[in-house]
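Structure data follow from work_13.tsv (TSV, C-alpha atoms and all ligand atoms):
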```tsv
chain	number	residue	atom	x	y	z
A	63	MET	CA	-6.18	99.28	-143.36
A	64	GLN	CA	-4.77	102.74	-143.94
A	65	GLU	CA	-1.49	101.63	-142.39
A	66	GLN	CA	-1.28	98.53	-144.59
A	67	ILE	CA	-1.88	100.56	-147.71
A	68	GLN	CA	0.53	103.32	-146.84
A	69	SER	CA	3.50	101.49	-145.48
A	70	PRO	CA	4.94	99.88	-148.64
A	71	TYR	CA	4.86	103.26	-150.35
A	72	PHE	CA	6.51	105.24	-147.63
A	73	LEU	CA	10.09	104.34	-148.42
A	74	ARG	CA	9.66	104.53	-152.16
A	75	ASN	CA	7.99	107.93	-152.01
A	76	PHE	CA	10.53	109.23	-149.54
A	77	VAL	CA	13.39	108.28	-151.83
A	78	PHE	CA	11.57	109.69	-154.82
A	79	ARG	CA	10.91	112.99	-153.15
A	80	LYS	CA	14.42	113.21	-151.86
A	81	ALA	CA	15.78	112.64	-155.32
A	82	SER	CA	13.47	115.13	-156.97
A	83	LYS	CA	13.09	118.14	-154.68
A	84	TRP	CA	13.89	118.73	-151.05
A	85	PRO	CA	11.16	120.60	-149.24
A	86	VAL	CA	12.09	123.97	-147.86
A	87	LEU	CA	10.87	124.34	-144.28
A	88	GLY	CA	8.18	121.74	-144.91
A	89	ILE	CA	6.74	123.65	-147.85
A	90	GLN	CA	7.23	122.24	-151.32
A	91	GLN	CA	6.33	124.03	-154.52
A	92	ALA	CA	4.00	122.34	-156.95
A	93	SER	CA	5.23	121.69	-160.45
A	94	TYR	CA	5.79	124.85	-162.46
A	95	CYS	CA	4.80	125.52	-165.98
A	96	SER	CA	4.87	128.96	-167.54
A	97	GLU	CA	1.14	129.05	-168.26
A	98	PHE	CA	0.14	127.83	-164.82
A	99	VAL	CA	0.13	129.59	-161.49
A	100	SER	CA	2.03	127.63	-158.87
A	101	SER	CA	0.66	126.61	-155.51
A	102	PRO	CA	2.42	126.06	-152.22
A	103	ILE	CA	1.87	122.57	-150.95
A	104	ASN	CA	2.82	119.48	-149.44
A	105	SER	CA	4.79	118.10	-146.57
A	106	PRO	CA	6.73	115.06	-147.84
A	107	PHE	CA	5.70	112.86	-144.94
A	108	PHE	CA	2.15	112.07	-146.06
A	109	VAL	CA	2.05	109.52	-148.83
A	110	SER	CA	-0.58	107.51	-150.59
A	111	ASP	CA	-0.74	105.32	-153.68
A	112	SER	CA	-3.93	107.05	-154.87
A	113	LEU	CA	-4.57	110.51	-156.26
A	114	VAL	CA	-8.04	111.81	-157.15
A	115	ILE	CA	-7.98	114.60	-159.72
A	116	ILE	CA	-10.97	116.96	-159.74
A	117	PRO	CA	-11.20	119.75	-162.32
A	118	THR	CA	-13.22	122.72	-161.10
A	119	TYR	CA	-14.87	125.71	-162.67
A	120	ASN	CA	-17.26	127.67	-160.46
A	121	GLU	CA	-17.84	124.96	-157.87
A	122	LYS	CA	-17.94	127.07	-154.72
A	123	GLU	CA	-21.10	125.32	-153.50
A	124	ASN	CA	-19.53	121.87	-153.82
A	125	VAL	CA	-15.79	122.05	-153.41
A	126	GLU	CA	-15.42	122.19	-149.62
A	127	LYS	CA	-17.99	119.44	-149.10
A	128	MET	CA	-16.18	117.34	-151.70
A	129	VAL	CA	-12.76	117.82	-150.09
A	130	ARG	CA	-14.10	116.88	-146.65
A	131	LYS	CA	-15.96	113.88	-148.06
A	132	VAL	CA	-12.88	112.49	-149.85
A	133	PHE	CA	-10.74	112.86	-146.72
A	134	SER	CA	-13.39	111.16	-144.58
A	135	LEU	CA	-13.16	107.95	-146.64
A	136	PRO	CA	-11.48	104.90	-145.06
A	137	HIS	CA	-8.87	104.69	-147.86
A	138	ASP	CA	-6.17	107.36	-147.84
A	139	PHE	CA	-6.85	109.22	-151.08
A	140	HIS	CA	-4.88	112.33	-151.98
A	141	LEU	CA	-6.71	115.05	-153.88
A	142	LEU	CA	-5.56	117.40	-156.63
A	143	ILE	CA	-7.90	120.22	-157.68
A	144	ILE	CA	-7.27	121.78	-161.09
A	145	ASP	CA	-9.04	125.13	-161.04
A	146	ASP	CA	-9.34	127.27	-164.15
A	147	GLY	CA	-9.48	130.68	-162.50
A	148	SER	CA	-13.09	130.21	-161.34
A	149	PRO	CA	-14.59	133.70	-160.98
A	150	ASP	CA	-16.66	132.48	-157.99
A	151	GLY	CA	-13.57	131.97	-155.81
A	152	THR	CA	-13.46	128.15	-155.81
A	153	ALA	CA	-9.64	128.26	-155.65
A	154	ASP	CA	-9.66	130.51	-152.56
A	155	ILE	CA	-11.78	127.94	-150.73
A	156	VAL	CA	-9.33	125.19	-151.67
A	157	LYS	CA	-6.33	127.29	-150.63
A	158	ARG	CA	-7.87	127.83	-147.21
A	159	LEU	CA	-8.33	124.06	-146.89
A	160	LEU	CA	-4.68	123.39	-147.83
A	161	LEU	CA	-3.71	124.43	-144.33
A	162	GLU	CA	-6.12	121.93	-142.82
A	163	PHE	CA	-5.03	119.05	-145.07
A	164	PRO	CA	-1.31	119.58	-145.65
A	165	GLY	CA	0.46	117.01	-147.77
A	166	LYS	CA	-2.73	115.43	-149.09
A	167	LEU	CA	-4.68	118.27	-150.70
A	168	PHE	CA	-3.12	120.04	-153.67
A	169	ILE	CA	-4.21	122.69	-156.11
A	170	GLU	CA	-3.01	123.68	-159.54
A	171	GLU	CA	-4.45	126.95	-160.80
A	172	ARG	CA	-4.68	127.84	-164.45
A	173	LYS	CA	-5.41	131.31	-165.69
A	174	GLY	CA	-8.62	130.76	-167.64
A	175	LYS	CA	-11.24	128.19	-168.61
A	176	LEU	CA	-9.11	125.91	-170.76
A	177	GLY	CA	-11.44	122.90	-170.71
A	178	LEU	CA	-11.85	119.66	-168.87
A	179	GLY	CA	-9.55	117.62	-171.11
A	180	THR	CA	-6.50	119.86	-170.75
A	181	ALA	CA	-7.16	120.10	-167.00
A	182	TYR	CA	-6.96	116.32	-166.71
A	183	ILE	CA	-3.87	116.10	-168.91
A	184	HIS	CA	-2.19	118.62	-166.63
A	185	GLY	CA	-3.26	116.58	-163.60
A	186	PHE	CA	-2.09	113.28	-165.14
A	187	LYS	CA	1.39	114.68	-165.76
A	188	TRP	CA	1.49	115.98	-162.20
A	189	ALA	CA	0.45	112.56	-160.86
A	190	ILE	CA	3.00	110.69	-162.98
A	191	GLU	CA	5.77	112.97	-161.76
A	192	LYS	CA	4.75	112.32	-158.15
A	193	LYS	CA	4.60	108.57	-158.83
A	194	TYR	CA	1.05	107.88	-157.69
A	195	ASP	CA	0.06	104.33	-158.67
A	196	TYR	CA	-3.71	104.81	-159.01
A	197	ILE	CA	-4.98	108.02	-160.54
A	198	PHE	CA	-8.66	108.92	-160.54
A	199	GLU	CA	-10.90	111.27	-162.51
A	200	MET	CA	-13.97	112.57	-160.69
A	201	ASP	CA	-16.37	115.53	-161.07
A	202	CYS	CA	-16.82	118.02	-158.25
A	203	ASP	CA	-20.62	118.11	-158.43
A	204	PHE	CA	-21.34	114.83	-156.55
A	205	SER	CA	-22.74	113.19	-159.71
A	206	HIS	CA	-20.01	110.68	-158.96
A	207	ASN	CA	-20.35	109.35	-155.43
A	208	PRO	CA	-16.92	109.50	-153.71
A	209	ASP	CA	-17.92	106.34	-151.80
A	210	ASP	CA	-17.46	104.49	-155.11
A	211	LEU	CA	-13.80	105.51	-155.44
A	212	PHE	CA	-12.72	102.46	-153.47
A	213	ARG	CA	-14.61	100.07	-155.79
A	214	LEU	CA	-12.77	101.57	-158.77
A	215	TYR	CA	-9.51	101.24	-156.83
A	216	GLN	CA	-10.16	97.58	-156.03
A	217	ALA	CA	-10.95	96.76	-159.67
A	218	CYS	CA	-7.46	97.98	-160.61
A	219	LYS	CA	-5.53	96.93	-157.54
A	220	ASN	CA	-7.03	93.47	-156.92
A	221	GLU	CA	-9.04	92.44	-159.96
A	222	GLY	CA	-6.57	92.89	-162.79
A	223	ALA	CA	-7.96	95.99	-164.50
A	224	ASP	CA	-5.63	98.62	-165.90
A	225	MET	CA	-8.46	101.12	-166.10
A	226	SER	CA	-11.79	100.93	-164.28
A	227	ILE	CA	-14.79	103.01	-165.26
A	228	GLY	CA	-17.74	104.02	-163.09
A	229	SER	CA	-20.41	103.01	-165.58
A	230	ARG	CA	-24.01	104.20	-165.88
A	231	TYR	CA	-25.05	101.72	-168.54
A	232	ILE	CA	-24.38	98.22	-167.24
A	233	ARG	CA	-26.45	95.97	-165.02
A	234	GLY	CA	-26.69	97.31	-161.48
A	235	ALA	CA	-26.11	100.93	-162.50
A	236	ASN	CA	-28.58	103.81	-162.56
A	237	VAL	CA	-28.94	107.47	-163.44
A	238	VAL	CA	-30.92	109.54	-160.93
A	239	ASN	CA	-32.64	112.91	-161.52
A	240	TRP	CA	-31.46	113.49	-165.07
A	241	PRO	CA	-34.31	114.49	-167.41
A	242	LEU	CA	-35.30	111.54	-169.61
A	243	GLY	CA	-34.05	113.38	-172.74
A	244	ARG	CA	-30.57	113.71	-171.27
A	245	VAL	CA	-30.41	110.02	-170.29
A	246	VAL	CA	-31.53	108.96	-173.77
A	247	MET	CA	-29.02	111.30	-175.42
A	248	SER	CA	-26.16	110.12	-173.23
A	249	TYR	CA	-27.05	106.44	-173.70
A	250	TYR	CA	-27.29	106.72	-177.48
A	251	ALA	CA	-24.08	108.75	-177.60
A	252	SER	CA	-22.39	105.70	-176.12
A	253	VAL	CA	-24.12	103.40	-178.63
A	254	TYR	CA	-22.90	105.69	-181.43
A	255	VAL	CA	-19.33	105.57	-180.13
A	256	ARG	CA	-19.44	101.77	-179.92
A	257	LEU	CA	-20.75	101.49	-183.47
A	258	VAL	CA	-18.18	103.87	-184.95
A	259	THR	CA	-15.14	102.69	-183.01
A	260	GLY	CA	-15.88	99.03	-182.28
A	261	ILE	CA	-14.95	99.54	-178.63
A	262	LYS	CA	-16.77	97.22	-176.23
A	263	ILE	CA	-17.24	99.68	-173.35
A	264	LYS	CA	-20.88	100.51	-172.53
A	265	ASP	CA	-20.39	103.96	-170.98
A	266	THR	CA	-17.89	105.59	-173.31
A	267	THR	CA	-18.43	109.17	-172.10
A	268	ALA	CA	-18.05	108.33	-168.40
A	269	GLY	CA	-15.80	110.64	-166.42
A	270	PHE	CA	-15.43	108.61	-163.21
A	271	ILE	CA	-12.29	106.58	-163.74
A	272	CYS	CA	-9.32	104.93	-162.10
A	273	TYR	CA	-6.14	104.44	-164.13
A	274	ARG	CA	-3.10	102.44	-163.18
A	275	ARG	CA	-0.15	104.78	-163.65
A	276	VAL	CA	1.27	102.65	-166.47
A	277	VAL	CA	-1.77	103.50	-168.62
A	278	LEU	CA	-1.10	107.23	-168.36
A	279	GLU	CA	2.62	106.69	-168.88
A	280	THR	CA	1.94	104.71	-172.05
A	281	ILE	CA	-0.74	106.89	-173.67
A	282	PRO	CA	0.91	109.80	-175.52
A	283	LEU	CA	-0.86	112.49	-173.48
A	284	ASP	CA	0.31	115.33	-175.71
A	285	GLU	CA	-1.50	113.73	-178.64
A	286	ILE	CA	-4.90	113.74	-176.90
A	287	ARG	CA	-6.83	116.32	-178.90
A	288	PHE	CA	-10.32	116.65	-177.42
A	289	ILE	CA	-11.38	118.71	-174.45
A	290	GLY	CA	-15.07	118.03	-173.74
A	291	TYR	CA	-16.95	114.70	-173.64
A	292	ALA	CA	-14.84	113.61	-176.58
A	293	PHE	CA	-11.81	113.74	-174.27
A	294	GLN	CA	-13.35	110.94	-172.22
A	295	ILE	CA	-14.01	108.92	-175.36
A	296	GLU	CA	-10.50	109.50	-176.72
A	297	MET	CA	-8.82	108.39	-173.47
A	298	LYS	CA	-10.80	105.13	-173.45
A	299	PHE	CA	-10.28	104.51	-177.16
A	300	THR	CA	-6.53	105.10	-176.86
A	301	ALA	CA	-6.19	102.90	-173.76
A	302	TRP	CA	-8.10	100.17	-175.61
A	303	LYS	CA	-5.91	100.49	-178.72
A	304	CYS	CA	-2.82	100.24	-176.49
A	305	GLY	CA	-4.17	96.91	-175.27
A	306	PHE	CA	-4.99	97.79	-171.67
A	307	LYS	CA	-7.63	95.86	-169.76
A	308	ILE	CA	-10.67	98.06	-169.14
A	309	THR	CA	-13.40	97.12	-166.65
A	310	GLU	CA	-16.75	98.75	-165.97
A	311	VAL	CA	-18.02	99.04	-162.40
A	312	PRO	CA	-21.72	99.87	-161.96
A	313	ILE	CA	-22.46	103.18	-160.25
A	314	ILE	CA	-25.48	105.26	-159.34
A	315	PHE	CA	-24.97	108.58	-161.12
A	316	THR	CA	-26.93	111.50	-159.65
A	317	ASP	CA	-27.53	114.86	-161.32
A	318	ARG	CA	-25.86	117.78	-159.60
A	319	THR	CA	-28.02	119.53	-157.00
A	320	GLU	CA	-25.77	122.59	-156.51
A	321	GLY	CA	-23.83	124.83	-158.87
A	322	SER	CA	-24.39	124.88	-162.61
A	323	SER	CA	-23.53	122.62	-165.52
A	324	LYS	CA	-20.74	123.53	-167.93
A	325	MET	CA	-22.20	121.50	-170.78
A	326	SER	CA	-22.40	123.30	-174.12
A	327	LYS	CA	-23.42	122.60	-177.72
A	328	GLY	CA	-19.74	122.84	-178.73
A	329	ILE	CA	-18.95	119.90	-176.46
A	330	PHE	CA	-21.49	117.76	-178.34
A	331	LYS	CA	-20.34	118.91	-181.76
A	332	GLU	CA	-16.78	118.04	-180.86
A	333	ALA	CA	-17.91	114.55	-179.83
A	334	ILE	CA	-20.07	113.74	-182.85
A	335	LEU	CA	-17.59	114.68	-185.58
A	336	GLY	CA	-14.54	114.00	-183.43
A	337	VAL	CA	-15.34	110.32	-182.93
A	338	MET	CA	-15.39	109.68	-186.67
A	339	GLN	CA	-12.16	111.62	-187.17
A	340	MET	CA	-10.52	109.74	-184.31
A	341	LYS	CA	-11.51	106.38	-185.79
A	342	TRP	CA	-10.33	107.40	-189.27
A	343	LYS	CA	-6.95	108.60	-187.98
A	344	SER	CA	-6.51	105.39	-186.00
A	345	PHE	CA	-6.10	103.47	-189.28
A	346	PHE	CA	-2.94	105.43	-190.02
A	347	ARG	CA	-1.21	105.51	-186.67
A	348	THR	CA	0.41	103.02	-184.37
A	349	TYR	CA	-0.32	102.96	-180.67
A	350	PRO	CA	2.27	102.20	-177.99
A	351	LYS	CA	1.51	98.83	-176.45
A	352	SER	CA	0.72	97.96	-172.86
A	353	PRO	CA	3.83	96.46	-171.20
A	354	LYS	CA	1.74	93.34	-170.43
A	355	ILE	CA	1.32	92.70	-174.16
A	356	LEU	CA	4.98	93.38	-174.91
A	357	ASN	CA	6.23	90.98	-172.22
A	401	LIG	N1	-10.68	123.05	-164.61
A	401	LIG	C1	-11.82	122.96	-165.33
A	401	LIG	N2	-12.87	122.27	-164.84
A	401	LIG	C2	-14.00	122.20	-165.58
A	401	LIG	C3	-14.13	122.83	-166.83
A	401	LIG	N3	-15.38	122.56	-167.31
A	401	LIG	C4	-15.99	121.79	-166.39
A	401	LIG	N4	-15.17	121.59	-165.33
A	401	LIG	C5	-15.40	120.76	-164.14
A	401	LIG	O1	-15.57	119.44	-164.63
A	401	LIG	C6	-16.52	118.73	-163.87
A	401	LIG	C7	-17.67	118.29	-164.79
A	401	LIG	O2	-18.36	119.45	-165.22
A	401	LIG	P1	-19.97	119.57	-165.24
A	401	LIG	O3	-20.41	120.96	-165.41
A	401	LIG	O4	-20.50	118.86	-164.05
A	401	LIG	O5	-20.24	118.86	-166.55
A	401	LIG	P2	-21.01	117.59	-166.77
A	401	LIG	O6	-20.89	116.69	-165.57
A	401	LIG	O7	-20.50	117.10	-168.05
A	401	LIG	O8	-22.44	118.18	-166.95
A	401	LIG	P3	-23.69	118.09	-165.96
A	401	LIG	O9	-24.11	116.67	-165.99
A	401	LIG	O10	-24.67	118.98	-166.57
A	401	LIG	O11	-23.26	118.50	-164.60
A	401	LIG	C8	-16.95	119.69	-162.76
A	401	LIG	O12	-16.17	119.43	-161.62
A	401	LIG	C9	-16.66	121.04	-163.37
A	401	LIG	O13	-16.45	122.03	-162.38
A	401	LIG	C10	-13.00	123.56	-167.33
A	401	LIG	O14	-13.01	124.15	-168.40
A	401	LIG	N5	-11.88	123.58	-166.54
A	402	MG	MG	-21.68	117.13	-163.78
```
Let me see the file written as structure tokens.
Amino acid sequence: MQEQIQSPYFLRNFVFRKASKWPVLGIQQASYCSEFVSSPINSPFFVSDSLVIIPTYNEKENVEKMVRKVFSLPHDFHLLIIDDGSPDGTADIVKRLLLEFPGKLFIEERKGKLGLGTAYIHGFKWAIEKKYDYIFEMDCDFSHNPDDLFRLYQACKNEGADMSIGSRYIRGANVVNWPLGRVVMSYYASVYVRLVTGIKIKDTTAGFICYRRVVLETIPLDEIRFIGYAFQIEMKFTAWKCGFKITEVPIIFTDRTEGSSKMSKGIFKEAILGVMQMKWKSFFRTYPKSPKILN
């Protein structure tokens, strides 16, 4: 199956890479940006249509297991880690693994904890530039089961979705090991978002997602304002306003067993007020439309 998936992309990616940057002695530099530290990566001869983006901050207990798990899956996923200068040395672990997984594991390092939302925006731009067709968001803490990546992929590739969401709050889904209070809070946060925005999605704060590239090319990424849970809400709301087809896929979500949570009160405050602001502003702006609607 890997062969079937890879082959149509080989020529296209080869031409793309040739046109953009020739590798020097098999080593290609990752995209540069003044505020980001660059990383050496990437032989041009490994290609895939799928890139999983994982933001990390102090994930030394999880990151190596996660990298090995993703590369053990039957589908050929590439993996981009966006590390925000984790003091625990997460990036050093990833950089050691780059040698073992050349051309399919990448890292972008930023200099400080700049938040989940900006990490994903950075990753999205990286993925668009490299022309990946299916771009995933996933946490490093195994709350999202990497085995479910392929179900999200299929929903976009074969079932007509532009964006598929690993959902905790639809039939067939479950949340394991979260304290009851946290489940209730998360569930009612989604109810609140639905009431305020009118969006039909059940799990509006979910962070396990597959986007078709066109979604990320259409959404004005530089206008995404939020960085915590509200970032997840804003991405879904914007994709919905642009007219993209969004599907929810049931998942079993499990609380992290290793490392520590980066949740904070600020993240909640941003979400509660931010959702109302976002809805209010939406009355006064126009959203770019999905090419499917335009055609
Ligand atoms: N690059 C980057 N990654 C972050 C940042 N904050 C959190 N992360 C990563 O984002 C993912 C989700 O963070 P978690 O701490 O698990 O947050 P959560 O899933 O909302 O909260 P828990 O359910 O309590 O685990 C993990 O892979 C974190 O390492 C950040 O500021 N920058
Ligand atoms: Mg988590």
Dump the neighbourhood of ligand LIG 401 (chain A) as a PDB file with C-alpha atoms, keeping the file's coordinate frame: all residues within 7 Å, distances computed on all atoms listed in the file.
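Dumped to out_38.pdb:
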```pdb
ATOM      1  CA  ILE A 116     -10.970 116.960-159.740  1.00  0.00           C
ATOM      2  CA  PRO A 117     -11.200 119.750-162.320  1.00  0.00           C
ATOM      3  CA  THR A 118     -13.220 122.720-161.100  1.00  0.00           C
ATOM      4  CA  TYR A 119     -14.870 125.710-162.670  1.00  0.00           C
ATOM      5  CA  ASN A 120     -17.260 127.670-160.460  1.00  0.00           C
ATOM      6  CA  GLU A 121     -17.840 124.960-157.870  1.00  0.00           C
ATOM      7  CA  ILE A 144      -7.270 121.780-161.090  1.00  0.00           C
ATOM      8  CA  ASP A 145      -9.040 125.130-161.040  1.00  0.00           C
ATOM      9  CA  ASP A 146      -9.340 127.270-164.150  1.00  0.00           C
ATOM     10  CA  LYS A 175     -11.240 128.190-168.610  1.00  0.00           C
ATOM     11  CA  LEU A 176      -9.110 125.910-170.760  1.00  0.00           C
ATOM     12  CA  GLY A 177     -11.440 122.900-170.710  1.00  0.00           C
ATOM     13  CA  LEU A 178     -11.850 119.660-168.870  1.00  0.00           C
ATOM     14  CA  ALA A 181      -7.160 120.100-167.000  1.00  0.00           C
ATOM     15  CA  ASP A 201     -16.370 115.530-161.070  1.00  0.00           C
ATOM     16  CA  CYS A 202     -16.820 118.020-158.250  1.00  0.00           C
ATOM     17  CA  ASP A 203     -20.620 118.110-158.430  1.00  0.00           C
ATOM     18  CA  ASP A 317     -27.530 114.860-161.320  1.00  0.00           C
ATOM     19  CA  ARG A 318     -25.860 117.780-159.600  1.00  0.00           C
ATOM     20  CA  SER A 322     -24.390 124.880-162.610  1.00  0.00           C
ATOM     21  CA  SER A 323     -23.530 122.620-165.520  1.00  0.00           C
ATOM     22  CA  LYS A 324     -20.740 123.530-167.930  1.00  0.00           C
ATOM     23  CA  MET A 325     -22.200 121.500-170.780  1.00  0.00           C
TER      24      MET A 325
END
```
The residue from A:Ile281, A:Ile155, A:Val109, A:Ile183 with the smallest atom-to-atom distance to Thr300 of chain A, counting all atoms listed in the file, is A:Ile281
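Counting only C-alpha atoms and all ligand atoms and comparing A:Leu242, A:Ala268, A:Val258, A:Ile169, the residue that lies closest to ligand MG 402 (chain A) is A:Ala268.
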Between atom CA of Ser344 of chain A and atom CA of Lys307 of chain A - distance in Å to one decimal | 18.9 Å
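Note that atom CA of Pro149 of chain A and atom CA of Ile271 of chain A are 27.4 Å apart.
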